[in-house]
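Enquirer: Next up, model_31.txt (compact mmCIF, C-alpha atoms).
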```txt
# COMPACT_ATOMS: atom_id res chain seq x y z
CA MET A 297 5.01 22.27 2.64
CA THR A 298 7.09 23.90 5.29
CA SER A 299 10.80 24.56 4.97
CA PHE A 300 13.26 22.27 6.74
CA ASP A 301 15.93 23.53 9.14
CA THR A 302 18.85 21.09 9.38
CA SER A 303 21.16 23.25 11.54
CA PRO A 304 23.29 21.53 14.22
CA THR A 305 21.42 23.39 16.95
CA LEU A 306 18.04 22.12 15.76
CA THR A 307 19.43 18.60 15.39
CA ALA A 308 20.65 18.69 19.00
CA TRP A 309 17.28 19.88 20.25
CA ARG A 310 15.57 17.12 18.30
CA ALA A 311 17.88 14.56 19.88
CA LEU A 312 17.01 15.86 23.33
CA ALA A 313 13.32 15.76 22.43
CA ALA A 314 13.69 12.18 21.29
CA VAL A 315 15.31 11.20 24.59
CA ALA A 316 12.48 12.91 26.47
CA VAL A 317 9.92 11.01 24.44
CA VAL A 318 11.72 7.76 25.29
CA PHE A 319 11.54 8.43 29.03
CA VAL A 320 7.83 9.23 28.75
CA MET A 321 7.28 5.97 26.89
CA LEU A 322 9.22 3.99 29.48
CA ALA A 323 7.25 5.57 32.29
CA THR A 324 3.91 4.80 30.68
CA THR A 325 4.50 1.51 28.87
CA GLY A 326 7.59 -0.13 30.33
CA TRP A 327 9.90 -2.36 28.33
CA SER A 328 7.00 -4.07 26.58
CA ALA A 329 8.99 -4.24 23.37
CA VAL A 330 10.87 -7.30 24.52
CA ARG A 331 7.74 -9.27 25.35
CA ASP A 332 6.33 -11.89 23.03
CA HIS A 333 3.11 -10.44 21.66
CA HIS A 334 1.10 -13.62 21.44
CA SER A 335 1.28 -17.32 21.98
CA ASP A 336 1.70 -19.37 18.84
CA GLY A 337 0.44 -22.56 20.51
CA PRO A 338 -2.36 -23.38 18.03
CA ARG A 339 -0.14 -22.37 15.13
CA GLU A 340 2.67 -24.61 16.36
CA LEU A 341 0.28 -27.54 16.73
CA ALA A 342 -0.99 -27.01 13.18
CA LEU A 343 2.55 -26.91 11.80
CA ALA A 344 3.47 -30.07 13.72
CA SER A 345 0.44 -31.86 12.26
CA TRP A 346 1.44 -30.72 8.77
CA ALA A 347 5.01 -31.92 9.28
CA ARG A 348 3.80 -35.43 10.23
CA ASP A 349 1.34 -35.81 7.37
CA ARG A 350 1.75 -37.41 3.96
CA ILE A 351 -0.16 -37.38 0.69
CA ALA A 352 -0.07 -40.04 -2.00
CA GLY A 353 2.76 -41.70 -0.11
CA ARG A 354 4.86 -38.51 -0.05
CA SER A 355 5.91 -36.35 2.84
CA LEU A 356 4.68 -32.78 2.81
CA PRO A 357 7.28 -30.04 2.23
CA ASP A 358 8.50 -27.86 5.06
CA ALA A 359 6.04 -25.05 5.65
CA ASP A 360 8.95 -22.58 5.61
CA ALA A 361 10.40 -23.90 2.35
CA PRO A 362 11.03 -21.31 -0.40
CA ALA A 363 7.90 -20.27 -2.24
CA TYR A 364 9.08 -21.73 -5.54
CA ARG A 365 9.46 -25.19 -3.96
CA LEU A 366 6.00 -24.99 -2.43
CA ALA A 367 4.58 -23.84 -5.76
CA HIS A 368 6.19 -26.84 -7.48
CA PHE A 369 4.79 -29.19 -4.83
CA PHE A 370 1.22 -27.95 -5.28
CA ALA A 371 1.61 -28.10 -9.07
CA THR A 372 2.22 -31.85 -8.77
CA LEU A 373 -1.09 -32.42 -6.92
CA THR A 374 -4.50 -32.95 -8.41
CA SER A 375 -7.17 -30.38 -7.59
CA GLY A 376 -8.79 -32.95 -5.31
CA GLN A 377 -5.56 -33.48 -3.41
CA GLN A 378 -5.08 -29.73 -3.04
CA ILE A 379 -8.59 -29.29 -1.64
CA ALA A 380 -8.06 -32.23 0.71
CA LEU A 381 -4.89 -30.68 2.12
CA ALA A 382 -6.59 -27.30 2.52
CA GLY A 383 -9.46 -28.95 4.40
CA LYS A 384 -7.16 -30.91 6.69
CA HIS A 385 -4.58 -28.16 7.32
CA PRO A 386 -6.42 -24.89 6.61
CA SER A 387 -4.35 -22.68 8.90
CA VAL A 388 -1.14 -23.87 7.21
CA VAL A 389 -2.23 -23.91 3.56
CA GLY A 390 -4.02 -20.57 3.95
CA ASN A 391 -0.73 -18.88 4.87
CA LEU A 392 1.72 -20.68 2.58
CA ASN A 393 3.57 -18.42 0.19
CA GLY A 394 3.76 -20.47 -3.01
CA ALA A 395 0.37 -22.18 -2.65
CA PRO A 396 -2.13 -21.17 -5.37
CA VAL A 397 -3.91 -18.04 -4.23
CA THR A 398 -7.38 -19.46 -4.92
CA LEU A 399 -6.51 -22.46 -2.75
CA ARG A 400 -5.37 -20.08 0.00
CA TYR A 401 -8.71 -18.25 -0.22
CA HIS A 402 -10.50 -21.60 0.19
CA ALA A 403 -8.29 -22.72 3.08
CA ASN A 404 -8.80 -19.46 4.93
CA ARG A 405 -12.57 -19.76 4.61
CA VAL A 406 -12.27 -23.15 6.30
CA ALA A 407 -10.01 -21.65 8.98
CA LEU A 408 -12.44 -18.76 9.50
CA ARG A 409 -15.36 -21.15 10.00
CA GLN A 410 -13.30 -22.99 12.60
CA ALA A 411 -12.45 -19.69 14.30
CA VAL A 412 -16.15 -18.75 14.35
CA ALA A 413 -16.93 -21.98 16.18
CA VAL A 414 -14.23 -21.26 18.77
CA GLU A 415 -15.40 -17.70 19.44
CA LYS A 416 -19.05 -18.78 19.69
CA VAL A 417 -18.09 -20.93 22.65
CA ARG A 418 -15.89 -18.25 24.22
CA ALA A 419 -18.57 -15.57 23.84
CA HIS A 420 -20.80 -17.53 26.24
CA ASP A 421 -18.12 -18.97 28.52
CA GLU A 422 -18.96 -17.86 32.07
CA ARG A 423 -15.40 -18.63 33.13
CA LEU A 424 -14.25 -15.62 31.13
CA SER A 425 -14.56 -12.08 32.43
CA PRO A 426 -17.21 -9.81 30.88
CA ASP A 427 -14.39 -8.11 28.95
CA GLY A 428 -13.15 -11.48 27.74
CA ARG A 429 -16.60 -12.47 26.51
CA GLY A 430 -16.97 -9.06 24.90
CA GLU A 431 -13.72 -9.50 23.02
CA ALA A 432 -14.83 -12.97 21.90
CA LYS A 433 -18.08 -11.46 20.58
CA ALA A 434 -16.12 -8.79 18.69
CA ARG A 435 -13.85 -11.43 17.16
CA LEU A 436 -16.89 -13.53 16.26
CA ASP A 437 -18.42 -10.57 14.43
CA ARG A 438 -15.14 -9.88 12.63
CA PHE A 439 -14.72 -13.47 11.47
CA ARG A 440 -18.33 -13.63 10.26
CA SER A 441 -17.75 -10.44 8.31
CA MET A 442 -14.63 -11.90 6.70
CA LEU A 443 -16.70 -14.92 5.61
CA GLY A 444 -19.29 -12.70 3.96
CA GLY A 445 -19.74 -12.59 0.20
CA LYS A 446 -16.81 -13.70 -1.92
CA ARG A 447 -14.04 -12.06 0.07
CA GLN A 448 -10.54 -13.16 -0.90
CA ILE A 449 -8.58 -13.72 2.31
CA LEU A 450 -4.95 -14.32 1.40
CA ALA A 451 -3.72 -14.79 4.98
CA PHE A 452 -5.44 -15.41 8.30
CA ASP A 453 -3.98 -16.12 11.73
CA PRO A 454 -6.27 -15.60 14.75
CA SER A 455 -3.47 -16.13 17.29
CA GLY A 456 -3.14 -13.30 19.80
CA ARG A 457 -4.41 -10.06 18.28
CA GLY A 458 -4.32 -11.73 14.88
CA ARG A 459 -3.05 -11.05 11.37
CA ALA A 460 -4.71 -11.11 7.96
CA ALA A 461 -4.44 -10.02 4.33
CA GLU A 462 -7.23 -9.48 1.81
CA VAL A 463 -7.12 -9.15 -1.97
CA PHE A 464 -9.26 -6.95 -4.20
CA GLY A 465 -9.16 -7.86 -7.89
CA ASN A 466 -7.75 -10.89 -9.67
CA LEU A 467 -4.27 -11.52 -8.30
CA ASP A 468 -3.53 -14.26 -10.83
CA ARG A 469 -4.21 -12.01 -13.83
CA ALA A 470 -3.03 -8.64 -12.51
CA ALA A 471 -0.34 -6.75 -14.38
CA ARG A 472 0.00 -4.24 -11.52
CA VAL A 473 -0.33 -5.15 -7.84
CA SER A 474 -0.53 -2.56 -5.06
CA VAL A 475 0.12 -3.50 -1.44
CA VAL A 476 -1.23 -1.34 1.39
CA VAL A 477 0.97 -1.64 4.50
CA PRO A 478 -0.75 -0.07 7.55
CA GLY A 479 0.74 1.15 10.82
CA VAL A 480 0.28 0.93 14.61
CA ASP A 481 -2.67 -0.85 16.20
CA THR A 482 -3.26 -3.02 13.15
CA HIS A 483 -4.82 -6.35 14.08
CA LEU A 484 -7.93 -8.40 13.32
CA LEU A 485 -10.31 -6.15 15.25
CA THR A 486 -9.02 -3.03 13.47
CA LEU A 487 -8.82 -4.62 10.03
CA GLU A 488 -11.94 -2.80 8.91
CA ARG A 489 -14.48 -0.38 10.32
CA SER A 490 -17.91 0.88 9.31
CA ALA A 491 -17.39 4.49 10.41
CA ARG A 492 -14.41 6.29 8.83
CA ALA A 493 -13.88 3.14 6.77
CA TYR A 494 -11.00 4.50 4.71
CA ARG A 495 -8.78 4.77 7.79
CA ALA A 496 -8.60 1.00 8.28
CA PRO A 497 -6.56 -1.39 6.10
CA VAL A 498 -9.48 -2.97 4.23
CA GLY A 499 -11.06 0.41 3.53
CA MET A 500 -7.71 1.83 2.39
CA ALA A 501 -7.24 -1.04 -0.07
CA LYS A 502 -10.82 -0.89 -1.36
CA SER A 503 -10.50 2.84 -1.93
CA LEU A 504 -7.20 2.45 -3.76
CA TYR A 505 -8.56 -0.38 -5.92
CA ARG A 506 -11.53 1.73 -7.02
CA ALA A 507 -9.27 4.72 -7.69
CA GLU A 508 -6.89 2.62 -9.80
CA ARG A 509 -9.77 1.17 -11.81
CA SER A 510 -11.02 4.70 -12.43
CA ALA A 511 -7.55 6.03 -13.32
CA SER A 512 -6.84 3.25 -15.83
CA PRO A 513 -9.83 1.02 -16.63
CA GLY A 514 -7.78 -1.05 -19.07
CA THR A 515 -5.08 -1.97 -16.57
CA ARG A 516 -5.41 -5.34 -14.87
CA THR A 517 -4.83 -4.36 -11.27
CA ALA A 518 -5.18 -5.92 -7.83
CA VAL A 519 -4.74 -4.41 -4.37
CA ILE A 520 -3.78 -6.24 -1.18
CA ALA A 521 -4.73 -4.99 2.29
CA TRP A 522 -1.66 -6.42 4.00
CA ALA A 523 -2.17 -6.58 7.76
CA ASP A 524 -0.13 -9.78 7.99
CA TYR A 525 2.52 -8.59 10.43
CA THR A 526 2.61 -7.86 14.15
CA ALA A 527 2.22 -4.09 14.42
CA PRO A 528 2.99 -2.00 17.52
CA ALA A 529 0.16 -1.66 20.03
CA GLY A 530 -0.23 2.09 20.42
CA LEU A 531 2.54 4.65 20.62
CA GLY A 532 4.73 2.82 23.11
CA MET A 533 8.30 1.61 22.85
CA ASP A 534 7.52 -0.84 20.03
CA ALA A 535 6.46 2.09 17.86
CA ALA A 536 9.77 3.86 18.53
CA LEU A 537 11.94 0.81 17.84
CA GLY A 538 12.54 -1.17 14.67
CA GLY A 539 12.18 -4.76 15.86
CA LEU A 540 8.61 -5.29 14.72
CA ALA A 541 9.37 -3.49 11.47
CA ALA A 542 12.27 -5.87 10.80
CA ASP A 543 10.04 -8.90 11.37
CA GLY A 544 7.32 -7.36 9.23
CA ALA A 545 9.78 -6.60 6.44
CA VAL A 546 10.76 -10.26 6.19
CA ARG A 547 7.10 -11.24 5.92
CA LEU A 548 6.36 -8.49 3.40
CA ASN A 549 9.25 -9.43 1.10
CA ALA A 550 8.31 -13.10 1.29
CA MET A 551 4.72 -12.33 0.29
CA VAL A 552 5.74 -10.08 -2.61
CA GLY A 553 8.26 -12.61 -3.90
CA ALA A 554 5.60 -15.32 -3.95
CA LEU A 555 2.96 -13.38 -5.90
CA PRO A 556 1.80 -15.21 -9.02
CA GLY A 557 2.83 -14.13 -12.50
CA THR A 558 5.15 -11.28 -13.35
CA SER A 559 3.13 -8.33 -12.04
CA THR A 560 4.77 -5.03 -11.20
CA VAL A 561 4.33 -4.18 -7.52
CA SER A 562 3.88 -0.86 -5.72
CA LEU A 563 3.99 -0.56 -1.92
CA PHE A 564 1.83 2.07 -0.20
CA CYS A 565 3.01 2.40 3.37
CA HIS A 566 1.21 4.41 6.04
CA SER A 567 2.69 5.61 9.33
CA TYR A 568 4.64 2.77 11.02
CA GLY A 569 4.01 0.78 7.84
CA SER A 570 6.55 3.07 6.18
CA VAL A 571 9.14 1.87 8.70
CA VAL A 572 8.36 -1.69 7.61
CA CYS A 573 8.72 -0.70 3.95
CA GLY A 574 11.96 1.16 4.62
CA VAL A 575 13.52 -1.92 6.20
CA ALA A 576 12.08 -4.15 3.46
CA ALA A 577 13.50 -1.94 0.70
CA HIS A 578 17.04 -3.26 1.14
CA ARG A 579 15.98 -6.75 0.08
CA ALA A 580 12.84 -5.99 -1.87
CA HIS A 581 12.03 -8.20 -4.85
CA ASP A 582 13.04 -6.59 -8.14
CA ARG A 583 9.37 -6.53 -9.22
CA VAL A 584 8.83 -3.70 -6.67
CA ALA A 585 8.87 -0.56 -8.82
CA ASP A 586 7.53 1.99 -6.34
CA ILE A 587 7.50 2.54 -2.58
CA ALA A 588 5.19 5.37 -1.48
CA VAL A 589 5.01 6.49 2.15
CA ALA A 590 2.38 8.66 3.82
CA GLY A 591 2.49 10.19 7.30
CA SER A 592 5.87 8.56 7.83
CA PRO A 593 7.86 8.71 11.09
CA GLY A 594 10.89 7.71 9.00
CA MET A 595 12.15 4.76 6.95
CA ARG A 596 15.16 3.95 9.18
CA ALA A 597 17.45 5.70 6.72
CA ALA A 598 19.15 9.09 6.50
CA ASN A 599 18.25 9.45 2.83
CA ALA A 600 16.64 7.56 -0.04
CA GLY A 601 20.00 6.28 -1.26
CA GLN A 602 20.50 4.36 1.98
CA LEU A 603 17.42 2.28 1.16
CA GLU A 604 19.54 0.53 -1.47
CA THR A 605 16.70 -0.15 -3.89
CA ASP A 606 15.99 0.55 -7.54
CA ALA A 607 12.35 1.26 -6.65
CA ARG A 608 11.19 4.85 -6.91
CA ILE A 609 10.63 6.39 -3.48
CA TRP A 610 7.59 8.66 -3.09
CA ALA A 611 6.54 10.55 0.04
CA THR A 612 3.61 12.67 1.13
CA ARG A 613 2.29 14.28 4.29
CA ASP A 614 -0.74 16.42 4.97
CA GLY A 615 -0.07 19.76 6.64
CA ASP A 616 -2.31 18.82 9.57
CA ASP A 617 -0.67 15.45 10.19
CA TRP A 618 0.65 15.32 13.77
CA ILE A 619 3.51 13.04 12.67
CA GLY A 620 5.21 16.16 11.36
CA ASP A 621 5.81 17.26 14.96
CA VAL A 622 7.56 14.02 15.90
CA PRO A 623 11.38 14.25 15.85
CA HIS A 624 12.58 12.55 12.68
CA LEU A 625 15.89 11.06 13.76
CA GLU A 626 17.51 7.93 15.11
CA PHE A 627 19.21 7.97 18.49
CA GLY A 628 20.66 4.79 19.98
CA GLY A 629 18.30 2.61 17.97
CA ILE A 630 15.26 4.67 18.96
CA GLY A 631 13.47 6.59 16.24
CA HIS A 632 13.28 5.93 12.52
CA GLY A 633 15.61 8.35 10.82
CA ALA A 634 15.18 11.32 8.53
CA ASP A 635 11.87 12.77 7.39
CA PRO A 636 10.97 11.37 3.93
CA VAL A 637 9.19 14.62 2.97
CA ASP A 638 12.33 16.67 3.66
CA PRO A 639 13.64 17.48 0.16
CA ALA A 640 17.12 16.56 1.40
CA PHE A 641 15.94 12.95 1.87
CA GLY A 642 15.65 12.52 -1.89
CA ALA A 643 12.14 11.08 -2.25
CA ARG A 644 9.70 12.33 -4.86
CA ILE A 645 7.31 14.47 -2.82
CA VAL A 646 3.68 14.41 -3.93
CA SER A 647 0.63 16.41 -2.92
CA ALA A 648 -1.67 15.22 -0.13
CA ALA A 649 -4.21 18.02 -0.53
CA GLY A 650 -7.49 17.17 1.19
CA ALA A 651 -6.09 14.31 3.27
CA ALA A 652 -6.96 16.02 6.59
CA GLY A 653 -4.72 14.63 9.29
CA HIS A 654 -2.74 11.48 9.90
CA SER A 655 -5.17 8.85 8.62
CA GLY A 656 -6.96 10.49 5.71
CA TYR A 657 -4.62 9.66 2.83
CA PHE A 658 -6.91 7.07 1.23
CA GLU A 659 -10.09 9.14 1.44
CA PRO A 660 -11.86 9.50 -1.94
CA GLY A 661 -11.45 12.97 -3.40
CA THR A 662 -7.99 13.57 -1.92
CA GLU A 663 -4.95 14.26 -4.06
CA SER A 664 -3.03 11.71 -2.05
CA LEU A 665 -5.38 8.92 -3.17
CA ASP A 666 -5.34 10.14 -6.77
CA ASN A 667 -1.55 10.18 -6.68
CA PHE A 668 -1.38 6.69 -5.19
CA ALA A 669 -3.69 5.41 -7.92
CA ALA A 670 -1.55 7.02 -10.63
CA ILE A 671 1.58 5.45 -9.15
CA GLY A 672 -0.13 2.09 -8.78
CA VAL A 673 -1.09 1.88 -12.46
CA GLY A 674 2.16 3.42 -13.70
CA ALA A 675 0.58 6.68 -14.93
CA TYR A 676 3.41 8.77 -13.52
CA GLY A 677 2.62 11.81 -15.65
CA ALA A 678 -0.68 12.17 -13.79
CA VAL A 679 1.01 12.49 -10.39
CA SER A 680 0.59 15.94 -8.82
CA CYS A 681 3.76 17.10 -7.11
CA ALA A 682 3.91 18.93 -3.81
CA ARG A 683 5.10 22.53 -3.87
CA ALA A 684 8.37 21.44 -2.27
CA ASP A 685 9.14 19.19 -5.26
CA SER A 686 7.69 20.42 -8.54
CA THR A 687 9.81 17.92 -10.47
CA CYS A 688 8.66 14.76 -8.65
CA HIS A 689 7.78 12.96 -11.89
CA ASP A 690 10.66 14.17 -14.01
CA GLY A 691 12.41 11.52 -16.04
CA ILE A 692 10.02 8.64 -15.30
CA SER A 693 7.35 8.82 -17.98
CA GLY A 694 6.96 5.07 -18.22
CA GLN A 695 10.55 4.19 -17.30
CA ARG A 696 11.25 1.89 -14.36
CA ASN A 697 14.21 3.79 -12.94
CA GLY A 698 14.13 7.42 -11.97
```
Here is the file; what I need is its structure written in the form of structure tokens.
Expert:
Amino acid sequence: MTSFDTSPTLTAWRALAAVAVVFVMLATTGWSAVRDHHSDGPRELALASWARDRIAGRSLPDADAPAYRLAHFFATLTSGQQIALAGKHPSVVGNLNGAPVTLRYHANRVALRQAVAVEKVRAHDERLSPDGRGEAKARLDRFRSMLGGKRQILAFDPSGRGRAAEVFGNLDRAARVSVVVPGVDTHLLTLERSARAYRAPVGMAKSLYRAERSASPGTRTAVIAWADYTAPAGLGMDAALGGLAADGAVRLNAMVGALPGTSTVSLFCHSYGSVVCGVAAHRAHDRVADIAVAGSPGMRAANAGQLETDARIWATRDGDDWIGDVPHLEFGGIGHGADPVDPAFGARIVSAAGAAGHSGYFEPGTESLDNFAAIGVGAYGAVSCARADSTCHDGISGQRNG
């Protein structure tokens, strides 16, 4: 780990560098940050249909009602009534925080089958451009893949570039739940990949789930690949601003607060995902015990104390990660604040040996993955500290606060 120079001269140069980066972004991307990223037409129609419907003579609750109210509503229904609602309103039920998770899995399978039918038509629609038909074919392949086997899709929205979340393990029985929050260019077509699988959200979560099972076979654990927010498209203005992170933080906190049972939650946040987690930290549910960031451009805070959370903050970065060369500061709302692996930030800095670059933190055999697994199952004594912080696990052998 390199040393950190915080002199006023260096800070000024970093500010100038940040401004230069901004002008480059404006020249190449324009003010795309203020544009709506996708039309919610189908989603709005589905919500309107839900709002008009009734079951057993009762109106349905607002789709944006608190999770505990939605949970109570579903608890009053028979299993047949639940299945009927999921079949009639799959795109609503499949994304309702508070609905039983197994019902959400079922609803999203229905929604995926409907999406497959739509993309089949689009893939052969001569009115579309060749690129449009190609994209439809890619989406068709993705949706078919998500329907394969017994995959547990917790959230699915094909609007625009699309959002989704997938669960590994038994979420209802888990004592420890880990949530993988990915970064830029996360959408349905990048949800998973066959080559370099561990650099996509599903591969990251699968890898972490296996590592946690290996680290503590007796611990009931589940891992969520959480790509259920609108991430920046590339390294344009959206990636330098916090608007999408703020929206994502609201969605992340709502999902965590609606998880079944009393599981302890750990957030594992990569790249721009760490910006989302930094914003979410201020209002994170008290079941969140750990927030670990990797390859972070910042958490929109000057130090860990400004995150205003009782969760332990962990940080790691591989020596070859290009994000280390990005100015870690905030200037007029642009940029994401201090570097979490700077010892002055106050995070617990852990080793990322073997991670190889910006996207290799979940690769099997890396110390970063082993450390994430140890954090995820609460085996804090097994965490290997970075050289810059040899005391990263001091005072937390089993305790919540550190």
Enquirer: Hey, which of A:Ala382, A:Ala413, A:Ala470, A:His689 ends up closest to Pro556 in chain A? Count only C-alpha atoms.
Expert: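 Among the listed residues, the smallest separation from Pro556 in chain A belongs to A:Ala470.
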Enquirer: I'd like a table as CSV: residues in range 487-524 of chain A with an atom no more than 12 Å from range 435-445 of chain A, each row giving the shortest atom pair and its distance in Å to one decimal, only C-alpha atoms counted, sorted by chain and rising residue number.
Expert:
```
residue,atom,partner,partner_atom,distance
A:Leu487,CA,A:Arg438,CA,8.6
A:Glu488,CA,A:Arg438,CA,8.6
A:Arg489,CA,A:Arg438,CA,9.8
A:Ser490,CA,A:Ser441,CA,11.4
A:Val498,CA,A:Met442,CA,10.6
```
Enquirer: If I put a ball of radius 8 Å at (3.1, -33.9, 5.7) in the file's coordinates, which residues poke into it when counting all atoms listed in the file, written as a PyMOL selection string?
Expert: chain A and resi 345-351+354-357
Enquirer: Separation of CA of Thr560 in chain A and CA of Arg472 in chain A, in Å?
Expert: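 Going from CA of Thr560 in chain A over to CA of Arg472 in chain A, I get 4.8 Å.
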Enquirer: Go through A:Asp635, A:Asp685, A:Glu422, A:Glu462 one by one, measure the shortest atom-to-atom distance of each to Arg400 in chain A using all atoms listed in the file, and give the residue with the smallest value.
Expert: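 Answer, going by the shortest atom-to-atom distance: A:Glu462.
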Enquirer: Taking into account all atoms listed in the file, which residue in the set A:Met551, A:Met500, A:Ala649, A:Ala371 is nearest to Thr662 in chain A?
Expert: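 Closest to Thr662 in chain A, using all atoms listed in the file: A:Ala649.
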